[in-house]
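Notes to accompany the following structure.
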Amino acid sequence: MKPIQRQLKIAEMIRRQGEASVDALAGHFGLSTETIRRDLAQLAETGKIQKIHGGARVARLQSEGSFAERLGRESDAKTAIAETLAGIIQPGETLFIDTGSTTLAAADRLARIPGLTIITNSARLADRLCQFGSDAAIYLLGGRYHEDNAETTGPLAIAQIAAFQADHAVLTVAAVDPEFGVTDASFEEAQVARAMVENARNVIILADSSKFGRRAAFSVCKCTNIGVLISDEALGWTHRELLTEAGVQVWCGNER
């Protein structure tokens, strides 16, 4: 049996049983525990399972803390992602931008690009762009207001998104998995992101390397819907290769 076939069977066993030990898997397949540990490490890297002491279990869905907590995480990676994004966006383009700590980190770079039209549900982003002197035409979507994220969501926001067509939907999400796609921990935010995807020519996902190999509860889009994914240099080669095979342009720091 080829390693990839064995790993698929291991992942299926763990899904059925909830978890499995290294010793039990080694006995089942008649292999050394070292080989099974390598299999589990590769499965964990792609998000199919979660490693635990002595074995593995079903991968847990990703949740997110408050907006203030997220602002302080992976700040260097977010800065690198923001700089890469600014190199992609051209003067005069129209952008959907959703709410997120990574998109907020890009505000000062985007403010330097002339002639943009920006449609967003993030009050913080709209305010930050103005603070940095952006000449962009900024459209703030209406809807139900959420104080923690300073964002709007719901049917009103989604209906307004349909009135625009954008060059890019620039989205920050909770999790990225090459098999299950892009997912979010908030039902309301995932709805807004899906509407932006449907009304944009190109989809740009901003996700630092900590978001990979994980799944959240609410689907945004499949990886085949992504045009460009921007991450940091710590993103593993397995994820890069799987995304590239799905037709995604992957940018990691200064690498492409």
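Residue numbering restarts at 1 for every chain of the structure tokens, chains are lettered A, B, ... in their displayed order, and ligands are numbered from 1 as they appear.
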
Counting only C-alpha atoms, which residues of stretch 29-58 of chain A fall within 12 Å of stretch 12-15 of chain A, and what is the closest atom pair for each with its distance in Å at one decimal, ordered by chain and rising number, as JSON lines?
{"residue": "A:Phe29", "atom": "CA", "partner": "A:Met13", "partner_atom": "CA", "distance": 11.7}
{"residue": "A:Leu40", "atom": "CA", "partner": "A:Ile14", "partner_atom": "CA", "distance": 10.6}
{"residue": "A:Leu43", "atom": "CA", "partner": "A:Ile14", "partner_atom": "CA", "distance": 11.0}
{"residue": "A:Ala44", "atom": "CA", "partner": "A:Ile14", "partner_atom": "CA", "distance": 11.9}
{"residue": "A:Lys48", "atom": "CA", "partner": "A:Arg15", "partner_atom": "CA", "distance": 9.1}
{"residue": "A:Ile49", "atom": "CA", "partner": "A:Ile14", "partner_atom": "CA", "distance": 7.6}
{"residue": "A:Gln50", "atom": "CA", "partner": "A:Ile14", "partner_atom": "CA", "distance": 9.7}
{"residue": "A:Lys51", "atom": "CA", "partner": "A:Ile14", "partner_atom": "CA", "distance": 10.9}
{"residue": "A:Gly55", "atom": "CA", "partner": "A:Ile14", "partner_atom": "CA", "distance": 9.8}
{"residue": "A:Ala56", "atom": "CA", "partner": "A:Ile14", "partner_atom": "CA", "distance": 7.4}
{"residue": "A:Arg57", "atom": "CA", "partner": "A:Ile14", "partner_atom": "CA", "distance": 6.0}
{"residue": "A:Val58", "atom": "CA", "partner": "A:Arg15", "partner_atom": "CA", "distance": 5.8}

Please provide the set of residues having any atom within 12 Å of A:Pro3, restricted to only C-alpha atoms, with same-chain residues fewer than 2 positions apart removed, written as an MDAnalysis selection string. chainID A and resid 1 5:10 29 31 35:36 38:40 42:43

When distances are computed from only C-alpha atoms, which of A:Gly253, A:Glu147, A:Val197, A:Ala207 shows the smallest separation from A:Ile226?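 Using only C-alpha atoms, A:Ile226 sits closest to A:Val197.
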
Which of A:Thr224, A:Gln165, A:Ser75, A:Asn202 sits closest to A:Ile89 [using only C-alpha atoms]: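 Checking each of A:Thr224, A:Gln165, A:Ser75, A:Asn202 against A:Ile89, counting only C-alpha atoms, the winner is A:Asn202.
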
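Shortest atom-to-atom contact with A:Asp148 among A:Ala105, A:Ala123, A:Val248, A:Ala174: A:Ala123, counting only C-alpha atoms.
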
Picked from stretch 128-192 of chain A by DSSP as alpha helix (DSSP H), as an MDAnalysis selection string: chainID A and resid 128:131 155:161 187:192

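For the set A:Asn149, A:Asn225, A:Gln160, A:Gln131, the residue with the smallest atom-to-atom gap to A:Ser101 is A:Asn149, counting only C-alpha atoms.
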
Fewer than 2 positions away in the same chain doesn't count, so skip those; otherwise give me all residues within 8 Å of A:Gly115, counting only C-alpha atoms, as a short mmCIF file (atom, residue, chain, number, x, y, z; two decimals) with N, CA and C atoms, in the first residue's frame.
data_model
loop_
_atom_site.label_atom_id
_atom_site.label_comp_id
_atom_site.auth_asym_id
_atom_site.auth_seq_id
_atom_site.Cartn_x
_atom_site.Cartn_y
_atom_site.Cartn_z
N PRO A 91 -3.82 50.91 -8.86
CA PRO A 91 -4.60 52.16 -8.75
C PRO A 91 -5.90 52.08 -9.54
N GLY A 92 -6.96 52.61 -8.93
CA GLY A 92 -8.25 52.68 -9.60
C GLY A 92 -9.12 51.44 -9.48
N GLU A 93 -8.64 50.39 -8.82
CA GLU A 93 -9.43 49.16 -8.72
C GLU A 93 -10.52 49.29 -7.66
N ILE A 113 -2.48 53.81 -2.20
CA ILE A 113 -2.81 53.47 -3.58
C ILE A 113 -3.92 54.40 -4.06
N THR A 117 -11.79 52.25 -5.09
CA THR A 117 -13.15 52.21 -4.56
C THR A 117 -13.20 51.03 -3.61
N ASP A 135 -7.49 58.55 -0.58
CA ASP A 135 -8.43 59.27 -1.44
C ASP A 135 -9.50 58.33 -2.00
N ALA A 136 -9.58 57.12 -1.46
CA ALA A 136 -10.53 56.12 -1.95
C ALA A 136 -11.96 56.58 -1.75
N ALA A 137 -12.83 56.16 -2.67
CA ALA A 137 -14.28 56.28 -2.46
C ALA A 137 -14.68 55.09 -1.60
#

Run DSSP on the backbone of this structure and report the residues of stretch 79-163 of chain A it assigns to strand (DSSP E), as a PyMOL selection string. chain A and resi 94-97+117-120+137-140+144-146+151-153

How about saving the chosen residues, N, CA and C atoms kept, as a short mmCIF file (atom, residue, chain, number, x, y, z; two decimals), in the first residue's frame?
data_model
loop_
_atom_site.label_atom_id
_atom_site.label_comp_id
_atom_site.auth_asym_id
_atom_site.auth_seq_id
_atom_site.Cartn_x
_atom_site.Cartn_y
_atom_site.Cartn_z
N THR A 94 -11.50 48.40 -7.77
CA THR A 94 -12.61 48.34 -6.82
C THR A 94 -12.46 47.09 -5.96
N LEU A 95 -12.56 47.25 -4.63
CA LEU A 95 -12.31 46.16 -3.70
C LEU A 95 -13.48 45.97 -2.75
N PHE A 96 -13.91 44.74 -2.56
CA PHE A 96 -14.65 44.36 -1.35
C PHE A 96 -13.60 44.02 -0.29
N ILE A 97 -13.76 44.50 0.92
CA ILE A 97 -12.87 44.11 2.01
C ILE A 97 -13.73 43.80 3.23
N THR A 117 -11.79 52.25 -5.09
CA THR A 117 -13.15 52.21 -4.56
C THR A 117 -13.20 51.03 -3.61
N ILE A 118 -13.58 51.27 -2.36
CA ILE A 118 -13.56 50.22 -1.33
C ILE A 118 -14.94 50.08 -0.73
N ILE A 119 -15.48 48.85 -0.79
CA ILE A 119 -16.77 48.52 -0.18
C ILE A 119 -16.48 47.60 0.99
N THR A 120 -16.89 47.98 2.18
CA THR A 120 -16.53 47.21 3.36
C THR A 120 -17.66 47.21 4.38
N ALA A 137 -12.83 56.16 -2.67
CA ALA A 137 -14.28 56.28 -2.46
C ALA A 137 -14.68 55.09 -1.60
N ILE A 138 -15.09 55.36 -0.37
CA ILE A 138 -15.36 54.29 0.60
C ILE A 138 -16.86 54.15 0.81
N TYR A 139 -17.37 52.95 0.62
CA TYR A 139 -18.78 52.64 0.85
C TYR A 139 -18.87 51.70 2.04
N LEU A 140 -19.52 52.17 3.11
CA LEU A 140 -19.69 51.37 4.32
C LEU A 140 -21.06 50.70 4.28
N ARG A 144 -26.93 44.94 10.59
CA ARG A 144 -26.85 44.83 12.04
C ARG A 144 -25.43 45.12 12.50
N TYR A 145 -25.30 46.01 13.49
CA TYR A 145 -23.98 46.42 13.95
C TYR A 145 -23.53 45.56 15.12
N HIS A 146 -22.25 45.10 15.06
CA HIS A 146 -21.65 44.31 16.13
C HIS A 146 -20.50 45.11 16.73
N GLU A 151 -18.48 45.99 13.03
CA GLU A 151 -18.84 45.54 11.69
C GLU A 151 -20.36 45.46 11.54
N THR A 152 -20.80 45.39 10.29
CA THR A 152 -22.20 45.16 9.99
C THR A 152 -22.34 43.82 9.28
N THR A 153 -23.44 43.12 9.56
CA THR A 153 -23.72 41.85 8.92
C THR A 153 -25.23 41.75 8.68
#
